[in-house]
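Student: Provided herewith: structure-v4.txt, compact mmCIF, C-alpha atoms.
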# COMPACT_ATOMS: atom_id res chain seq x y z
CA MET A 414 -35.73 -25.00 42.73
CA LYS A 415 -33.54 -22.60 44.73
CA ARG A 416 -33.66 -24.75 47.83
CA LEU A 417 -32.87 -27.87 45.86
CA PHE A 418 -29.44 -26.64 44.80
CA PRO A 419 -27.70 -26.56 48.22
CA ILE A 420 -29.06 -30.00 49.04
CA LEU A 421 -27.80 -31.45 45.76
CA ALA A 422 -24.48 -29.64 46.19
CA ALA A 423 -24.01 -31.12 49.66
CA LEU A 424 -24.87 -34.62 48.39
CA THR A 425 -22.43 -34.23 45.50
CA ALA A 426 -19.68 -33.07 47.87
CA ILE A 427 -20.24 -36.13 50.06
CA LEU A 428 -20.20 -38.42 47.03
CA LEU A 429 -16.99 -36.80 45.72
CA GLY A 430 -15.33 -37.19 49.14
CA TYR A 431 -16.42 -40.81 49.46
CA SER A 432 -15.25 -41.71 45.95
CA PHE A 433 -11.91 -39.99 46.62
CA TYR A 434 -11.47 -42.09 49.76
CA GLN A 435 -12.40 -45.24 47.82
CA ALA A 436 -10.01 -44.43 44.98
CA MET A 437 -7.06 -43.53 47.18
CA PHE A 438 -7.31 -45.93 50.13
CA VAL A 439 -9.77 -48.74 49.47
CA ALA A 440 -9.15 -49.79 45.86
CA PRO A 441 -6.44 -52.47 45.64
CA THR A 442 -2.98 -51.46 44.38
CA ASP A 443 -2.17 -52.56 40.84
CA GLN A 444 0.30 -55.46 40.68
CA MET A 445 2.32 -54.08 37.77
CA GLN A 446 2.05 -50.30 38.12
CA GLY A 447 1.84 -49.71 41.85
CA ASP A 448 -0.02 -46.71 43.22
CA VAL A 449 0.49 -44.55 40.14
CA TYR A 450 -2.36 -46.42 38.45
CA ARG A 451 -4.84 -44.71 40.79
CA ILE A 452 -4.86 -41.73 38.45
CA ILE A 453 -7.15 -43.74 36.17
CA TYR A 454 -9.91 -43.17 38.71
CA TYR A 455 -9.77 -39.56 37.59
CA HIS A 456 -8.63 -40.01 34.00
CA VAL A 457 -11.22 -42.48 32.72
CA PRO A 458 -14.35 -41.13 34.51
CA SER A 459 -13.39 -37.61 33.37
CA ALA A 460 -13.16 -38.86 29.80
CA TRP A 461 -16.58 -40.49 29.98
CA THR A 462 -18.07 -37.39 31.56
CA ALA A 463 -16.52 -35.17 28.88
CA PHE A 464 -17.96 -37.39 26.13
CA VAL A 465 -21.40 -37.27 27.76
CA PHE A 466 -21.28 -33.47 27.72
CA PHE A 467 -19.94 -33.26 24.16
CA LEU A 468 -22.73 -35.57 23.03
CA THR A 469 -25.21 -33.34 24.87
CA ASN A 470 -23.76 -30.34 23.05
CA PHE A 471 -24.10 -32.06 19.66
CA ILE A 472 -27.70 -33.10 20.25
CA ALA A 473 -28.61 -29.63 21.57
CA SER A 474 -26.94 -28.03 18.51
CA VAL A 475 -28.92 -30.19 16.09
CA VAL A 476 -32.11 -29.43 18.01
CA TYR A 477 -31.28 -25.73 17.84
CA LEU A 478 -30.69 -25.85 14.08
CA ILE A 479 -34.08 -27.52 13.56
CA ARG A 480 -36.26 -25.81 16.17
CA ARG A 481 -34.39 -22.50 16.82
CA ASN A 482 -35.21 -22.84 20.49
CA PRO A 483 -32.96 -20.56 22.63
CA LYS A 484 -33.12 -23.08 25.48
CA ALA A 485 -31.37 -25.65 23.27
CA ASP A 486 -28.62 -23.11 22.67
CA ALA A 487 -28.25 -22.55 26.41
CA VAL A 488 -27.86 -26.32 26.86
CA ALA A 489 -25.24 -26.35 24.09
CA VAL A 490 -23.10 -23.59 25.65
CA ALA A 491 -23.23 -25.06 29.14
CA ALA A 492 -22.42 -28.58 27.90
CA ALA A 493 -19.52 -27.40 25.72
CA GLU A 494 -17.88 -25.44 28.53
CA ILE A 495 -18.12 -28.26 31.06
CA GLY A 496 -17.05 -30.80 28.45
CA VAL A 497 -13.90 -28.78 27.76
CA VAL A 498 -13.09 -28.67 31.49
CA PHE A 499 -13.39 -32.45 31.88
CA CYS A 500 -11.54 -33.03 28.62
CA THR A 501 -8.70 -30.84 29.94
CA VAL A 502 -8.54 -33.03 33.05
CA VAL A 503 -8.22 -36.07 30.77
CA LEU A 504 -5.43 -34.48 28.73
CA VAL A 505 -3.49 -33.44 31.86
CA THR A 506 -3.85 -36.68 33.84
CA GLY A 507 -3.05 -38.85 30.79
CA PRO A 508 0.58 -37.72 30.35
CA LEU A 509 1.10 -37.73 34.15
CA TRP A 510 0.26 -41.40 34.12
CA ALA A 511 1.98 -42.20 30.81
CA ARG A 512 5.36 -40.84 31.84
CA PRO A 513 6.08 -43.41 34.59
CA VAL A 514 4.20 -46.29 32.94
CA TRP A 515 5.02 -45.92 29.21
CA GLY A 516 8.19 -43.83 29.72
CA ILE A 517 6.84 -41.07 27.43
CA TRP A 518 4.55 -38.12 28.00
CA TRP A 519 2.69 -38.27 24.74
CA THR A 520 2.23 -40.44 21.67
CA TRP A 521 0.10 -40.01 18.54
CA ASP A 522 -2.16 -42.89 19.37
CA VAL A 523 -5.84 -43.25 18.37
CA ARG A 524 -7.48 -42.33 21.64
CA LEU A 525 -4.99 -39.65 22.62
CA THR A 526 -5.16 -37.93 19.26
CA SER A 527 -8.94 -38.16 18.94
CA THR A 528 -9.38 -36.70 22.40
CA LEU A 529 -6.91 -33.91 21.67
CA VAL A 530 -8.65 -33.06 18.38
CA LEU A 531 -12.02 -33.14 20.12
CA TRP A 532 -10.65 -30.74 22.72
CA LEU A 533 -9.24 -28.45 20.00
CA ILE A 534 -12.56 -28.42 18.14
CA TYR A 535 -14.50 -27.51 21.27
CA VAL A 536 -11.99 -24.83 22.26
CA SER A 537 -12.45 -23.32 18.79
CA TYR A 538 -16.21 -23.61 19.37
CA LEU A 539 -15.90 -21.55 22.57
CA VAL A 540 -13.60 -19.04 20.86
CA LEU A 541 -16.16 -18.63 18.08
CA ARG A 542 -18.89 -17.99 20.62
CA ARG A 543 -16.71 -15.44 22.36
CA PHE A 544 -15.81 -13.58 19.17
CA SER A 545 -19.13 -13.47 17.36
CA SER A 546 -21.77 -11.08 18.51
CA GLY A 547 -25.52 -10.78 18.44
CA GLY A 548 -28.20 -13.25 17.52
CA GLN A 549 -26.17 -15.10 14.92
CA THR A 550 -23.82 -16.71 17.47
CA PRO A 551 -26.07 -19.73 18.22
CA VAL A 552 -26.51 -20.62 14.53
CA LEU A 553 -22.80 -20.33 13.70
CA ALA A 554 -21.81 -22.27 16.81
CA ALA A 555 -24.37 -25.01 16.11
CA ALA A 556 -23.03 -25.38 12.56
CA LEU A 557 -19.51 -25.73 13.93
CA ALA A 558 -20.67 -28.35 16.45
CA VAL A 559 -22.11 -30.44 13.60
CA PHE A 560 -18.80 -30.18 11.72
CA GLY A 561 -16.93 -31.22 14.83
CA ALA A 562 -19.11 -34.27 15.29
CA LEU A 563 -18.48 -35.31 11.67
CA ASP A 564 -14.75 -34.79 12.10
CA VAL A 565 -14.11 -36.97 15.13
CA PRO A 566 -14.88 -40.36 13.47
CA LEU A 567 -12.60 -39.39 10.57
CA VAL A 568 -9.79 -38.55 13.00
CA TYR A 569 -10.35 -41.85 14.74
CA PHE A 570 -10.16 -43.90 11.55
CA SER A 571 -7.19 -42.02 10.17
CA ILE A 572 -5.10 -42.76 13.25
CA TRP A 573 -6.54 -46.21 13.78
CA PHE A 574 -4.66 -47.11 10.59
CA PHE A 575 -1.48 -46.91 12.65
CA ARG A 576 -0.56 -49.17 15.52
CA THR A 577 -2.17 -48.06 18.73
CA GLN A 578 -0.43 -47.85 22.08
CA HIS A 579 -3.21 -46.90 24.49
CA PRO A 580 -4.39 -49.78 26.69
CA GLN A 581 -7.44 -51.43 25.16
CA PRO A 582 -10.66 -50.42 26.86
CA VAL A 583 -11.03 -52.77 29.80
CA VAL A 584 -14.76 -52.19 30.09
CA GLY A 585 -16.65 -53.76 27.20
CA GLY A 586 -13.40 -54.45 25.31
CA GLY A 587 -12.92 -58.06 26.37
CA GLY A 588 -10.34 -57.11 29.00
CA SER A 589 -10.51 -58.09 32.65
CA ILE A 590 -10.52 -55.83 35.68
CA ASP A 591 -10.75 -56.50 39.41
CA PRO A 592 -14.44 -56.01 40.33
CA ARG A 593 -13.37 -53.86 43.28
CA MET A 594 -11.55 -51.53 40.87
CA LEU A 595 -14.56 -51.41 38.56
CA HIS A 596 -16.73 -50.54 41.54
CA VAL A 597 -14.52 -47.56 42.46
CA TRP A 598 -14.38 -46.52 38.82
CA MET A 599 -18.14 -46.39 38.51
CA LEU A 600 -18.39 -44.61 41.85
CA ASN A 601 -16.00 -41.92 40.63
CA TRP A 602 -17.86 -41.61 37.35
CA ALA A 603 -21.15 -41.16 39.21
CA ALA A 604 -19.55 -38.49 41.41
CA PHE A 605 -18.10 -36.63 38.42
CA LEU A 606 -21.40 -36.82 36.56
CA CYS A 607 -23.22 -35.40 39.57
CA PHE A 608 -20.68 -32.63 39.93
CA GLY A 609 -20.74 -31.88 36.18
CA GLY A 610 -24.52 -32.00 36.13
CA LEU A 611 -24.70 -29.57 39.02
CA VAL A 612 -22.37 -27.06 37.37
CA PHE A 613 -24.22 -27.61 34.09
CA TRP A 614 -27.54 -26.80 35.71
CA GLN A 615 -26.25 -23.51 37.12
CA ARG A 616 -24.52 -22.56 33.87
CA TYR A 617 -27.69 -23.33 31.94
CA ARG A 618 -29.76 -21.12 34.25
CA LEU A 619 -27.20 -18.34 33.94
CA GLU A 620 -27.33 -18.55 30.14
CA VAL A 621 -31.13 -18.49 30.07
CA MET A 622 -31.11 -15.43 32.35
CA GLN A 623 -28.51 -13.81 30.10
CA GLN A 624 -30.79 -14.41 27.10
CA GLU A 625 -33.72 -12.86 28.96
CA VAL A 626 -31.65 -9.80 29.87
CA GLU A 627 -30.55 -9.35 26.27
CA GLU A 628 -34.10 -9.75 25.03
CA THR A 629 -35.39 -7.18 27.51
CA GLN A 630 -32.64 -4.74 26.58
CA ALA A 631 -33.39 -5.14 22.89
CA LEU A 632 -37.09 -4.60 23.58
CA GLU A 633 -36.40 -1.49 25.67
CA ALA A 634 -34.19 -0.07 22.94
CA LEU A 635 -37.01 -0.61 20.46
CA LEU A 636 -39.50 1.12 22.78
CA ASP A 637 -37.12 4.06 23.24
CA VAL A 638 -36.82 4.49 19.52
CA GLY A 639 -40.61 4.23 19.25
CA SER A 640 -41.29 6.93 21.88
CA THR A 641 -38.68 9.43 20.69
CA GLY A 642 -39.18 8.93 16.97
CA MET B 318 -30.47 -23.06 -19.30
CA ASN B 319 -30.13 -24.49 -15.82
CA ARG B 320 -30.35 -21.56 -13.42
CA PRO B 321 -28.22 -22.54 -10.39
CA SER B 322 -25.37 -23.63 -12.65
CA LYS B 323 -25.59 -20.30 -14.47
CA ILE B 324 -25.36 -18.36 -11.20
CA THR B 325 -22.37 -20.47 -10.20
CA TRP B 326 -20.69 -19.84 -13.52
CA VAL B 327 -21.34 -16.08 -13.54
CA THR B 328 -20.05 -15.65 -9.98
CA LEU B 329 -17.01 -17.78 -10.69
CA ALA B 330 -16.23 -15.82 -13.87
CA LYS B 331 -16.59 -12.57 -11.93
CA ASP B 332 -14.23 -13.74 -9.18
CA ILE B 333 -11.64 -14.96 -11.67
CA ARG B 334 -11.85 -11.68 -13.60
CA LEU B 335 -11.42 -9.69 -10.37
CA GLU B 336 -8.46 -11.80 -9.35
CA TRP B 337 -6.95 -11.62 -12.84
CA ARG B 338 -7.07 -7.82 -12.76
CA SER B 339 -5.97 -7.23 -9.15
CA LYS B 340 -3.90 -10.40 -8.49
CA ASP B 341 -4.24 -9.60 -4.78
CA SER B 342 -4.73 -13.11 -3.38
CA ILE B 343 -2.43 -14.98 -5.72
CA ASN B 344 0.50 -12.60 -5.19
CA ALA B 345 0.12 -12.67 -1.42
CA MET B 346 -0.21 -16.47 -1.42
CA LEU B 347 2.77 -16.99 -3.70
CA PHE B 348 5.06 -14.74 -1.72
CA PHE B 349 3.92 -16.26 1.55
CA ALA B 350 4.49 -19.83 0.34
CA LEU B 351 7.87 -18.82 -1.08
CA LEU B 352 8.90 -17.44 2.31
CA VAL B 353 7.86 -20.67 4.01
CA VAL B 354 9.88 -22.73 1.51
CA VAL B 355 12.99 -20.60 1.92
CA ILE B 356 12.81 -20.33 5.71
CA PHE B 357 12.24 -24.05 6.24
CA SER B 358 14.90 -24.91 3.72
CA PHE B 359 17.69 -22.97 5.38
CA SER B 360 16.47 -23.79 8.90
CA PHE B 361 16.77 -27.53 8.31
CA ASP B 362 18.94 -27.86 5.18
CA PRO B 363 17.86 -31.50 4.73
CA THR B 364 19.57 -34.16 2.64
CA ALA B 365 17.58 -35.79 -0.17
CA GLU B 366 16.83 -38.79 2.05
CA GLU B 367 15.53 -36.68 4.95
CA SER B 368 13.54 -34.31 2.81
CA ARG B 369 11.59 -37.23 1.32
CA ARG B 370 10.28 -37.89 4.82
CA ILE B 371 9.55 -34.32 5.85
CA ALA B 372 8.62 -32.73 2.49
CA GLY B 373 5.00 -33.95 2.65
CA GLY B 374 4.51 -32.06 5.89
CA LEU B 375 6.33 -28.93 4.74
CA VAL B 376 4.54 -28.70 1.39
CA TRP B 377 1.08 -29.04 2.86
CA VAL B 378 1.66 -26.79 5.83
CA ALA B 379 2.95 -24.12 3.44
CA PHE B 380 -0.09 -24.54 1.16
CA LEU B 381 -2.48 -24.57 4.12
CA PHE B 382 -1.10 -21.30 5.51
CA ALA B 383 -1.03 -19.73 2.06
CA ALA B 384 -4.57 -20.88 1.27
CA VAL B 385 -5.87 -19.03 4.34
CA VAL B 386 -4.84 -15.79 2.63
CA ALA B 387 -7.11 -16.50 -0.35
CA LEU B 388 -9.90 -17.92 1.82
CA ASN B 389 -10.01 -14.77 3.95
CA GLN B 390 -10.52 -12.74 0.77
CA THR B 391 -13.42 -14.91 -0.42
CA TRP B 392 -16.29 -13.21 1.36
CA ALA B 393 -14.56 -10.06 2.58
CA ARG B 394 -14.57 -8.99 -1.06
CA GLU B 395 -18.38 -9.12 -1.10
CA LEU B 396 -18.75 -6.83 1.93
CA ARG B 397 -17.91 -3.71 -0.04
CA ASN B 398 -21.07 -2.01 -1.30
CA GLN B 399 -23.21 -4.56 0.58
CA VAL B 400 -22.90 -7.14 -2.20
CA LEU B 401 -23.34 -9.96 0.30
CA ASP B 402 -26.60 -8.46 1.57
CA ALA B 403 -27.78 -8.27 -2.01
CA TYR B 404 -27.04 -11.98 -2.39
CA ARG B 405 -29.00 -12.65 0.78
CA VAL B 406 -32.16 -10.97 -0.42
CA SER B 407 -31.88 -12.21 -3.99
CA PRO B 408 -33.76 -15.39 -4.94
CA ALA B 409 -30.50 -17.02 -6.11
CA PRO B 410 -29.90 -20.40 -4.41
CA PRO B 411 -27.16 -19.91 -1.77
CA ASN B 412 -25.47 -23.18 -2.68
CA ALA B 413 -24.84 -21.95 -6.22
CA LEU B 414 -22.97 -19.01 -4.73
CA PHE B 415 -21.12 -21.25 -2.30
CA LEU B 416 -20.01 -23.63 -5.04
CA ALA B 417 -18.80 -20.72 -7.18
CA LYS B 418 -16.63 -19.55 -4.28
CA VAL B 419 -15.31 -23.06 -3.68
CA PHE B 420 -14.42 -23.55 -7.36
CA GLY B 421 -12.77 -20.13 -7.39
CA ASN B 422 -10.64 -20.90 -4.35
CA PHE B 423 -9.85 -24.34 -5.74
CA ILE B 424 -8.50 -22.71 -8.90
CA PHE B 425 -6.47 -20.10 -6.98
CA VAL B 426 -4.91 -22.61 -4.61
CA GLY B 427 -4.37 -25.04 -7.50
CA VAL B 428 -2.48 -22.38 -9.45
CA LEU B 429 -0.40 -21.68 -6.35
CA GLU B 430 0.46 -25.37 -6.02
CA LEU B 431 1.41 -25.65 -9.69
CA LEU B 432 3.74 -22.67 -9.42
CA MET B 433 5.27 -23.70 -6.09
CA THR B 434 5.91 -27.38 -6.84
CA PRO B 435 9.01 -26.76 -9.01
CA LEU B 436 10.50 -24.64 -6.22
CA PHE B 437 9.89 -27.37 -3.66
CA ILE B 438 11.53 -29.91 -5.94
CA MET B 439 14.52 -27.61 -6.36
CA PHE B 440 15.02 -26.60 -2.73
CA TYR B 441 14.38 -30.03 -1.24
CA LYS B 442 16.01 -32.14 -3.98
CA LEU B 443 12.82 -34.19 -4.32
CA ARG B 444 12.40 -37.30 -6.43
CA ALA B 445 9.50 -39.66 -5.88
CA LEU B 446 10.51 -43.28 -5.28
CA GLY B 447 6.87 -44.44 -5.38
CA PRO B 448 4.29 -43.99 -8.16
CA ALA B 449 4.48 -40.22 -8.79
CA TRP B 450 1.12 -40.00 -10.59
CA GLU B 451 -0.60 -40.75 -7.29
CA LEU B 452 0.46 -37.29 -6.11
CA LEU B 453 -2.20 -35.90 -8.45
CA PRO B 454 -5.25 -37.38 -6.66
CA VAL B 455 -3.68 -36.58 -3.29
CA ALA B 456 -3.19 -32.95 -4.34
CA ALA B 457 -6.61 -32.57 -5.96
CA LEU B 458 -8.57 -34.20 -3.14
CA GLY B 459 -6.47 -32.50 -0.47
CA THR B 460 -6.92 -29.07 -2.00
CA TRP B 461 -10.66 -29.63 -2.26
CA ALA B 462 -10.73 -30.67 1.42
CA LEU B 463 -9.01 -27.45 2.48
CA VAL B 464 -10.98 -25.22 0.18
CA VAL B 465 -14.50 -26.53 0.76
CA ASN B 466 -14.27 -26.24 4.54
CA GLY B 467 -12.20 -23.09 4.28
CA THR B 468 -14.85 -21.34 2.20
CA PHE B 469 -17.53 -22.43 4.64
CA PHE B 470 -15.61 -21.30 7.71
CA ALA B 471 -14.67 -18.04 6.02
CA ALA B 472 -18.41 -17.35 5.78
CA ILE B 473 -18.68 -18.05 9.53
CA SER B 474 -15.62 -16.02 10.54
CA LEU B 475 -16.90 -13.11 8.45
CA ARG B 476 -19.53 -12.58 11.17
CA THR B 477 -17.04 -12.36 14.02
CA ARG B 478 -14.74 -9.69 15.38
CA SER B 479 -11.13 -10.02 14.14
CA ARG B 480 -12.26 -12.32 11.35
CA GLU B 481 -8.84 -12.79 9.78
CA ILE B 482 -7.63 -14.58 12.91
CA MET B 483 -10.85 -16.52 13.38
CA LEU B 484 -10.61 -18.48 10.11
CA PRO B 485 -7.48 -20.54 10.93
CA LEU B 486 -8.74 -21.10 14.48
CA LEU B 487 -11.89 -22.72 13.11
CA LEU B 488 -10.42 -24.37 10.02
CA PHE B 489 -7.28 -26.03 11.38
CA PRO B 490 -8.83 -28.30 14.04
CA ILE B 491 -11.46 -29.59 11.59
CA SER B 492 -8.80 -30.08 8.88
CA ILE B 493 -6.56 -32.31 11.00
CA PRO B 494 -7.68 -35.63 9.46
CA ALA B 495 -7.40 -34.21 5.92
CA LEU B 496 -3.99 -32.75 6.65
CA LEU B 497 -2.83 -36.04 8.14
CA ALA B 498 -3.97 -37.89 5.02
CA MET B 499 -2.30 -35.39 2.67
CA VAL B 500 0.98 -35.42 4.59
CA ASN B 501 1.15 -39.19 5.01
CA GLY B 502 -0.06 -39.82 1.46
CA THR B 503 2.61 -37.55 0.02
CA ALA B 504 5.32 -38.97 2.27
CA SER B 505 4.49 -42.56 1.37
CA ILE B 506 4.57 -41.74 -2.35
CA LEU B 507 7.89 -39.91 -2.04
CA THR B 508 9.58 -42.61 0.02
CA GLY B 509 7.87 -45.42 -1.92
CA GLU B 510 7.71 -47.51 1.27
CA ASP B 511 3.95 -47.79 1.82
CA PRO B 512 0.99 -47.68 -0.55
CA ALA B 513 -0.85 -44.35 -0.47
CA LYS B 514 -4.20 -45.91 -1.33
CA PHE B 515 -5.63 -45.73 2.20
CA TRP B 516 -4.90 -42.02 2.44
CA ILE B 517 -6.49 -41.29 -0.94
CA VAL B 518 -9.64 -43.15 0.10
CA LEU B 519 -9.66 -41.28 3.43
CA LEU B 520 -9.35 -37.94 1.62
CA ALA B 521 -12.16 -38.85 -0.75
CA THR B 522 -14.38 -39.78 2.22
CA TYR B 523 -13.51 -36.55 4.01
CA ASP B 524 -14.33 -34.57 0.85
CA VAL B 525 -17.70 -36.26 0.33
CA VAL B 526 -18.74 -35.93 4.00
CA PHE B 527 -17.81 -32.28 4.35
CA THR B 528 -19.01 -31.17 0.91
CA ILE B 529 -22.44 -32.55 1.79
CA ALA B 530 -22.31 -30.94 5.26
CA CYS B 531 -21.33 -27.56 3.76
CA LEU B 532 -24.10 -27.65 1.14
CA PHE B 533 -26.55 -28.68 3.83
CA LEU B 534 -25.67 -25.89 6.27
CA PHE B 535 -24.48 -23.02 4.07
CA GLU B 536 -27.90 -21.42 3.65
CA THR B 537 -28.38 -21.45 7.43
CA VAL B 538 -25.03 -19.74 7.96
CA LEU B 539 -25.56 -17.20 5.19
CA GLN B 540 -28.98 -16.22 6.52
CA ALA B 541 -27.97 -16.23 10.21
CA GLU B 542 -29.06 -13.00 11.85
Have the structure of the file written as structure tokens, please.
Tutor:
Amino acid sequence: MKRLFPILAALTAILLGYSFYQAMFVAPTDQMQGDVYRIIYYHVPSAWTAFVFFLTNFIASVVYLIRRNPKADAVAVAAAEIGVVFCTVVLVTGPLWARPVWGIWWTWDVRLTSTLVLWLIYVSYLVLRRFSSGGQTPVLAAALAVFGALDVPLVYFSIWFFRTQHPQPVVGGGGSIDPRMLHVWMLNWAAFLCFGGLVFWQRYRLEVMQQEVEETQALEALLDVGSTG
Amino acid sequence: MNRPSKITWVTLAKDIRLEWRSKDSINAMLFFALLVVVIFSFSFDPTAEESRRIAGGLVWVAFLFAAVVALNQTWARELRNQVLDAYRVSPAPPNALFLAKVFGNFIFVGVLELLMTPLFIMFYKLRALGPAWELLPVAALGTWALVVNGTFFAAISLRTRSREIMLPLLLFPISIPALLAMVNGTASILTGEDPAKFWIVLLATYDVVFTIACLFLFETVLQAE
């Protein structure tokens, strides 16, 4: 396991470098937007990656609520933290692109607002984990994750009622995209997923070790009480 | 006699009696909401036309902030003398307790809204151009939306350090769709430009979804160790 990590890290670095080269130099320039469009190679794959991790967090939270398995909680923490990082990338690159193309930094559109609310919910999830102590943290956090998952569709529908400004999804939404662009998109997504997965793996291991340390400490404290009292 | 409903009723009666004697939450909420009304009013000094557009937002933000005061009191009150621990070990169904707290908060926030509405009308020169009776379902469903999740998250934030700050941090992100529906529903009734029906339906959906979720998960949160 320990030897596997540097190999995977090196492969991920190569993939990230290659996909950067593809996105910046190989992918054709957009006819309407010029080079500024290239930010979508970071924006969209980050969004997909963030959603993958948020979904992982939700599933792990439900599993934790049913099974009370500490490993599921470790998955949930790691996924939430990495999801928030990728979601932050989405929220930063979006306005950078929107300013030259739409002429505005931000608008209360369906996808923008849903993503922002999702980000807010998961930041509050991390704050809750930080501020609660002891063995109850996983349960409280898992309950919040379920609430968050229920909330997002409601946010989506409530804003969907208004006119939406965000470009329609070009993949699976009936739009058309140059196959070379799609190729670079998928390449970037694969690279981000590998990178996210790698960080996730390490974070998960760290969390499991943390749990073991806490368990040992609690056990030692019990033994101390037993021997003195 | 149906037992859970009796537990709900007894707890609710106890909370109302406590509040009636101390008037802690309601006084704090009223004064807080009054401050918000006054400060916004002289910061913006809107005309009648403008205030129709912004009043929905102001009213509900004021009520949301004020409601947090009452919600923070909900469970903190039970910490004294380990009352909450007694609930935990008692065979009483947790949801009966939860519902009593929700009804109690609903009544407190409802009283606040009844008392504050005349002031809003006065300060912001409000007159509804749409069907005014629709404000009633918007207010009732909106208050329930805030209170049901607020009571649940107050039970969560009770377990954290600096719990008074934790509650809004957890409650506000989840409440965004409800708040949006309340604000837009109220604004469309006041301006009379759009029908408010969509927002009322959205609020009702939100209420049903989250009431079920709260009842489903409250026992887990109460017993979390």
Student: Pick out the closest residue to Ala504 (chain B) from this set: B:Pro435, B:Pro448, B:Trp392, B:Asn344. Count all atoms listed in the file.
Tutor: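 Among B:Pro435, B:Pro448, B:Trp392, B:Asn344, it is B:Pro448 that comes nearest to Ala504 (chain B).
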Student: Taking all atoms listed in the file into account, report as a tab-separated table (two decimals) with C-alpha atoms, in the frame of the given file which residues of chain A lie within 6 Å of chain B.
Tutor:
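Saved result, part.tsv, follows:
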chain	number	residue	atom	x	y	z
A	533	LEU	CA	-9.24	-28.45	20.00
A	534	ILE	CA	-12.56	-28.42	18.14
A	537	SER	CA	-12.45	-23.32	18.79
A	544	PHE	CA	-15.81	-13.58	19.17
A	545	SER	CA	-19.13	-13.47	17.36
A	548	GLY	CA	-28.20	-13.25	17.52
A	549	GLN	CA	-26.17	-15.10	14.92
A	568	VAL	CA	-9.79	-38.55	13.00
Student: Any idea what the distance is between CA of Ile453 (chain A) and CA of Leu429 (chain A)?
Tutor: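 Computing it gives 15.4 Å between the two atoms.
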Student: Skip Phe466 (chain A) itself and residues of its chain fewer than 3 positions away, then list as a list in words all residues within 7 Å of it, counting all atoms listed in the file.
Tutor: Thr462, Ala463, Thr469, Asn470, Ala492, Ala493, Ile495 and Gly496 of chain A
Student: What gap, in Å, lies between CA of Val386 (chain B) and CA of Glu481 (chain B)?
Tutor: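 Separating CA of Val386 (chain B) from CA of Glu481 (chain B) is a distance of 8.7 Å.
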Student: So which residues touch Ala460 (chain A) within 10 Å, counting all atoms listed in the file, skipping near sequence neighbours fewer than 5 positions away, as a PyMOL selection string?
Tutor: chain A and resi 455+465-466+496+499-504+528+602
Student: Using the partial input, fill out region 426-438 of chain B with N, CA and C atoms; write the result as an mmCIF file, in the coordinates of the input.
Tutor:
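Wrote it out as result.cif, contents follow:
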data_model
loop_
_atom_site.group_PDB
_atom_site.id
_atom_site.type_symbol
_atom_site.label_atom_id
_atom_site.label_comp_id
_atom_site.auth_asym_id
_atom_site.auth_seq_id
_atom_site.Cartn_x
_atom_site.Cartn_y
_atom_site.Cartn_z
ATOM 1 N N VAL B 426 -5.880 -21.803 -5.363
ATOM 2 C CA VAL B 426 -4.910 -22.610 -4.610
ATOM 3 C C VAL B 426 -4.222 -23.613 -5.539
ATOM 4 N N GLY B 427 -4.973 -24.122 -6.525
ATOM 5 C CA GLY B 427 -4.370 -25.040 -7.500
ATOM 6 C C GLY B 427 -3.264 -24.370 -8.292
ATOM 7 N N VAL B 428 -3.511 -23.126 -8.724
ATOM 8 C CA VAL B 428 -2.480 -22.380 -9.450
ATOM 9 C C VAL B 428 -1.253 -22.190 -8.562
ATOM 10 N N LEU B 429 -1.494 -21.839 -7.302
ATOM 11 C CA LEU B 429 -0.400 -21.680 -6.350
ATOM 12 C C LEU B 429 0.431 -22.959 -6.263
ATOM 13 N N GLU B 430 -0.267 -24.102 -6.160
ATOM 14 C CA GLU B 430 0.460 -25.370 -6.020
ATOM 15 C C GLU B 430 1.275 -25.682 -7.262
ATOM 16 N N LEU B 431 0.683 -25.403 -8.441
ATOM 17 C CA LEU B 431 1.410 -25.650 -9.690
ATOM 18 C C LEU B 431 2.680 -24.806 -9.760
ATOM 19 N N LEU B 432 2.582 -23.560 -9.329
ATOM 20 C CA LEU B 432 3.740 -22.670 -9.420
ATOM 21 C C LEU B 432 4.783 -23.001 -8.354
ATOM 22 N N MET B 433 4.327 -23.468 -7.192
ATOM 23 C CA MET B 433 5.270 -23.700 -6.090
ATOM 24 C C MET B 433 5.976 -25.047 -6.177
ATOM 25 N N THR B 434 5.328 -26.030 -6.831
ATOM 26 C CA THR B 434 5.910 -27.380 -6.840
ATOM 27 C C THR B 434 7.338 -27.412 -7.399
ATOM 28 N N PRO B 435 7.617 -26.739 -8.531
ATOM 29 C CA PRO B 435 9.010 -26.760 -9.010
ATOM 30 C C PRO B 435 10.000 -26.233 -7.975
ATOM 31 N N LEU B 436 9.604 -25.199 -7.238
ATOM 32 C CA LEU B 436 10.500 -24.640 -6.220
ATOM 33 C C LEU B 436 10.775 -25.644 -5.106
ATOM 34 N N PHE B 437 9.701 -26.350 -4.701
ATOM 35 C CA PHE B 437 9.890 -27.370 -3.660
ATOM 36 C C PHE B 437 10.861 -28.435 -4.149
ATOM 37 N N ILE B 438 10.659 -28.866 -5.398
ATOM 38 C CA ILE B 438 11.530 -29.910 -5.940
ATOM 39 C C ILE B 438 12.981 -29.446 -5.921
#
